[in-house]
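Asker: Handing you a structure now.
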Amino acid sequence: MKKFSIRMPHVLTLIMLLITVMAVLTWIVPSGSFQRHVVDTMAGEREVVIAGTYEEGPKILDDGTDLRQGIPDILTAPARGLQNAIEVLAFAFIIGGVFAIMAKTNALNMAIQKMIEKLGSKEILIIPILMIIFSLGGSTFGMSDELVPFYLLLMPILLGMGYDSMTTFLVVCLGASIGYAASTINPFNVLIAQGIAGIQGNPQLIFRMIQWVIMTGICILFTTWRALRVKKNPEKSICYQEDIEKRKEFVHEMGTDVKFTGRQKAVLTIFILGMALVVFGLVKYGWYMNELSMCFLGMGILMGIAGGLTETEMAEEFIAGCKDIVFAAMLIGFCSGISVILSDGMIIDTILNAMANSVAGVGNAFFVIAMYIVQSLATLLVPSSSGLAALTIPIVAPLCDLHGSNPEAAVTVMQYANQLTNLMSPLAGTTVAGLAICRISFPQWWKTAWKLFLVLTVTAIVFGTISASI
């Protein structure tokens with residue numbers, strides 16, 4: 001007898017189902033629209049919904065246009081979504097290619113190995129230093145899928161120092177994830193979401209930097225406290241029995257022949273200077289997608305040259321990096337297809353009006369909590385931050401306008417809800433991969449992290465409320 005099992009559909013299948021559901025709703029939900037106008041803000045020009053101007057309209061317009069969406073509309077929605085998001089997609093592909101060139105130079109990996117070698121007896125400093133590096137990676141260039149080799153690099157080192165395998169997971173995954181959540185200029189999170197919301201120049205960048213310091217500090221304190229506790233009394237480790245076998249397999253003597261070449265130092269120097277230029281351009285000139293693409297592409301070319309790559313190697317790595325972005329690009333396009341259906345059926349403003357009425361009169365704190373819950377649930381369906389932005393920001397950003405909140409709050413809430421949910425979700429590829437490599441079960445992880453998760457969630461909601469009020 002065949003065993004019955006429940007399998008989660010592929011995320012693209014789920015999005016097509018959502019597109020279909022939205023098309024059905026265009027036959028049921030009344031069509032209507034708000035008036036909009038363009039305003040100048042600190043973040044540049046934005047088209048803003050005018051509260052109190054919603055008017056219901058007919059399903060068939062005077063020119064004969066039928067707003068009810070059918071099968072042809074459903075099947076063309078993903079392609080039209082890709083077309084509508086072309087500026088964001090072009091930026092995402094360039095970013096993917098550039099960071100593939102950087103990865104080919106192996107500069108970051110070798111720099112970390114050299115740093116560990118230099119620390120010597122000051123071994124406890126490895127934890128905060130590495131977590132800051134991984135958090136900066138998550139916050140600036142969206143370090144996520146690149147984490148796999150670092151588990152393999154750090155597992156024998158940290159086990160040999162008397163820490164446990166959970167410490168390895170916390171240093172690598174928690175470090176990068178909290179940086180990704182507290183994003184400053186992460187192109188796959190903040191910048192794409194701001195682009196979809198029509199926000200230019202990252203106007204809350206300084207506030208984002210403050211958030212990053214606080215969130216990263218909380219995680220470093222927790223990880224360091226736990227690591228010292230485990231080293232003092234190994235039996236208190238939730239992975240104690242499993243780590244006995246892991247130490248036999250993984251622990252080896254550290255070599256002293258790590259070579260961090262001048263070329264690799266040059267690559268990291270170019271990367272740091274390039275990121276500084278990005279921050280300067282965002283703050284000083286309100287750079288948008290095209291200017292950011294220019295800056296990152298220039299960084300990629302210079303890093304490839306400094307790293308000793310030939311033009312063929314640079315081109316091939318760039319293409320390989322673009323291939324890695326294809327799935328995220330499809331998610332963005334398909335999720336944008338949902339907005340196409342909602343807009344063509346003229347029910348997006350009807351939904352906005354209903355949502356605005358439901359939160360009318362509530363304070364920013366309750367409004368942010370409601371957004372956070374919605375974004376967390378949506379993350380279970382669409383774990384990708386860029387895909388989630390394409391799915392939710394077209395609705396949530398105008399909802400902030402109607403509520404009288406800063407639309408940057410929509411971006412802030414999305415980035416935290418997405419990444420903190422992924423940190424605890426068995427549907428998140430990065431978390432699942434890290435736990436698998438460290439051979440840690442989800443129950444062990446949940447038992448270790450649930451209190452920290454609650455602290456981070458409450459802190460994130462506070463930051464979201466402040467973001468909405470600025």
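Simple scheme: letters A, B, ... for chains in structure tokens order, numbers from 1 for residues in each chain, numbers from 1 for ligands in the order shown.
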Extract, using only C-alpha atoms, all DNA, RNA and protein residues at most 12 Å from A:Thr76, discarding same-chain residues fewer than 3 positions from it, and format them as a ChimeraX atom specification.
Answerer: /A:16,19-20,23,69-73,79-83,333-334,336-338,340-341,344
Asker: Enumerate, as a ChimeraX atom specification, the complete set of residues in stretch 61-289 of chain A that a backbone-based DSSP assignment places in alpha helix (DSSP H).
Answerer: /A:71-84,86-105,107-119,126-141,148-160,165-169,175-181,192-197,205-232,240-250,262-285,289
Asker: Compare A:Val359, A:Asn406, A:Glu316, A:Asn418 by their minimum atom-to-atom distance to A:Val382, counting only C-alpha atoms, and give me the closest one.
Answerer: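 For A:Val382, the nearest of the candidates is A:Asn418.
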Asker: Have a look at A:Ile126, A:Ala433, A:Ala320, A:Ala378 and name the one nearest to A:Ala100; count only C-alpha atoms.
Answerer: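 Using only C-alpha atoms, the shortest distance to A:Ala100 belongs to A:Ala320.
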Asker: I'd like to know which of A:Ser165, A:Thr65, A:Ser358, A:Gln35 is closest to A:Ile50, using only C-alpha atoms.
Answerer: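 Residue with the minimum atom-to-atom distance to A:Ile50: A:Gln35.
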Asker: Which residues are close to A:Asp324, i.e. within 12 Å by only C-alpha atoms, leaving aside same-chain residues fewer than 4 positions away? Reply as an mmCIF file with N, CA, C and O atoms, in the first residue's frame.
Answerer:
data_model
loop_
_atom_site.group_PDB
_atom_site.id
_atom_site.type_symbol
_atom_site.label_atom_id
_atom_site.label_comp_id
_atom_site.auth_asym_id
_atom_site.auth_seq_id
_atom_site.Cartn_x
_atom_site.Cartn_y
_atom_site.Cartn_z
ATOM 1 N N ALA A 92 19.176 43.101 -10.628
ATOM 2 C CA ALA A 92 19.416 41.827 -9.948
ATOM 3 C C ALA A 92 20.405 40.959 -10.721
ATOM 4 O O ALA A 92 21.301 40.332 -10.134
ATOM 5 N N PHE A 93 20.271 40.910 -12.051
ATOM 6 C CA PHE A 93 21.190 40.108 -12.858
ATOM 7 C C PHE A 93 22.618 40.639 -12.771
ATOM 8 O O PHE A 93 23.579 39.875 -12.666
ATOM 9 N N ILE A 94 22.771 41.951 -12.823
ATOM 10 C CA ILE A 94 24.113 42.537 -12.732
ATOM 11 C C ILE A 94 24.731 42.239 -11.372
ATOM 12 O O ILE A 94 25.911 41.870 -11.274
ATOM 13 N N ILE A 95 23.943 42.360 -10.308
ATOM 14 C CA ILE A 95 24.445 42.054 -8.970
ATOM 15 C C ILE A 95 24.907 40.600 -8.890
ATOM 16 O O ILE A 95 25.978 40.294 -8.354
ATOM 17 N N GLY A 96 24.095 39.682 -9.413
ATOM 18 C CA GLY A 96 24.452 38.265 -9.393
ATOM 19 C C GLY A 96 25.761 38.001 -10.110
ATOM 20 O O GLY A 96 26.620 37.249 -9.627
ATOM 21 N N GLY A 97 25.937 38.617 -11.279
ATOM 22 C CA GLY A 97 27.161 38.436 -12.033
ATOM 23 C C GLY A 97 28.376 39.011 -11.338
ATOM 24 O O GLY A 97 29.454 38.394 -11.310
ATOM 25 N N VAL A 98 28.225 40.185 -10.746
ATOM 26 C CA VAL A 98 29.347 40.850 -10.076
ATOM 27 C C VAL A 98 29.841 40.035 -8.886
ATOM 28 O O VAL A 98 31.051 39.832 -8.707
ATOM 29 N N PHE A 99 28.924 39.525 -8.075
ATOM 30 C CA PHE A 99 29.360 38.793 -6.891
ATOM 31 C C PHE A 99 29.883 37.400 -7.244
ATOM 32 O O PHE A 99 30.647 36.813 -6.474
ATOM 33 N N ALA A 100 29.513 36.878 -8.394
ATOM 34 C CA ALA A 100 30.134 35.636 -8.861
ATOM 35 C C ALA A 100 31.603 35.881 -9.203
ATOM 36 O O ALA A 100 32.469 35.023 -8.950
ATOM 37 N N ASP A 145 23.297 32.399 -0.033
ATOM 38 C CA ASP A 145 23.612 31.110 -0.655
ATOM 39 C C ASP A 145 25.108 30.812 -0.614
ATOM 40 O O ASP A 145 25.523 29.665 -0.788
ATOM 41 N N GLU A 146 25.937 31.841 -0.399
ATOM 42 C CA GLU A 146 27.385 31.665 -0.390
ATOM 43 C C GLU A 146 27.898 31.080 0.924
ATOM 44 O O GLU A 146 29.111 30.883 1.092
ATOM 45 N N GLU A 317 32.194 33.860 -15.427
ATOM 46 C CA GLU A 317 31.709 33.950 -14.054
ATOM 47 C C GLU A 317 30.489 34.864 -13.964
ATOM 48 O O GLU A 317 29.550 34.594 -13.209
ATOM 49 N N PHE A 318 30.516 35.952 -14.723
ATOM 50 C CA PHE A 318 29.374 36.870 -14.738
ATOM 51 C C PHE A 318 28.123 36.138 -15.215
ATOM 52 O O PHE A 318 27.047 36.255 -14.609
ATOM 53 N N ILE A 319 28.258 35.366 -16.285
ATOM 54 C CA ILE A 319 27.119 34.612 -16.814
ATOM 55 C C ILE A 319 26.648 33.573 -15.803
ATOM 56 O O ILE A 319 25.445 33.378 -15.593
ATOM 57 N N ALA A 320 27.619 32.896 -15.146
ATOM 58 C CA ALA A 320 27.256 31.898 -14.134
ATOM 59 C C ALA A 320 26.490 32.556 -12.986
ATOM 60 O O ALA A 320 25.522 31.992 -12.462
ATOM 61 N N ALA A 328 15.300 33.702 -8.821
ATOM 62 C CA ALA A 328 14.800 34.907 -8.136
ATOM 63 C C ALA A 328 14.121 35.845 -9.124
ATOM 64 O O ALA A 328 13.093 36.461 -8.810
ATOM 65 N N ALA A 329 14.676 35.952 -10.345
ATOM 66 C CA ALA A 329 14.085 36.819 -11.364
ATOM 67 C C ALA A 329 12.694 36.318 -11.761
ATOM 68 O O ALA A 329 11.760 37.111 -11.943
ATOM 69 N N MET A 330 12.559 34.998 -11.906
ATOM 70 C CA MET A 330 11.252 34.436 -12.238
ATOM 71 C C MET A 330 10.243 34.705 -11.118
ATOM 72 O O MET A 330 9.071 35.011 -11.366
#
Asker: I'd like to know which of A:Leu377, A:Leu302, A:Leu159, A:Val190 is closest to A:Pro234, using only C-alpha atoms.
Answerer: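 The closest residue to A:Pro234 is A:Leu159.
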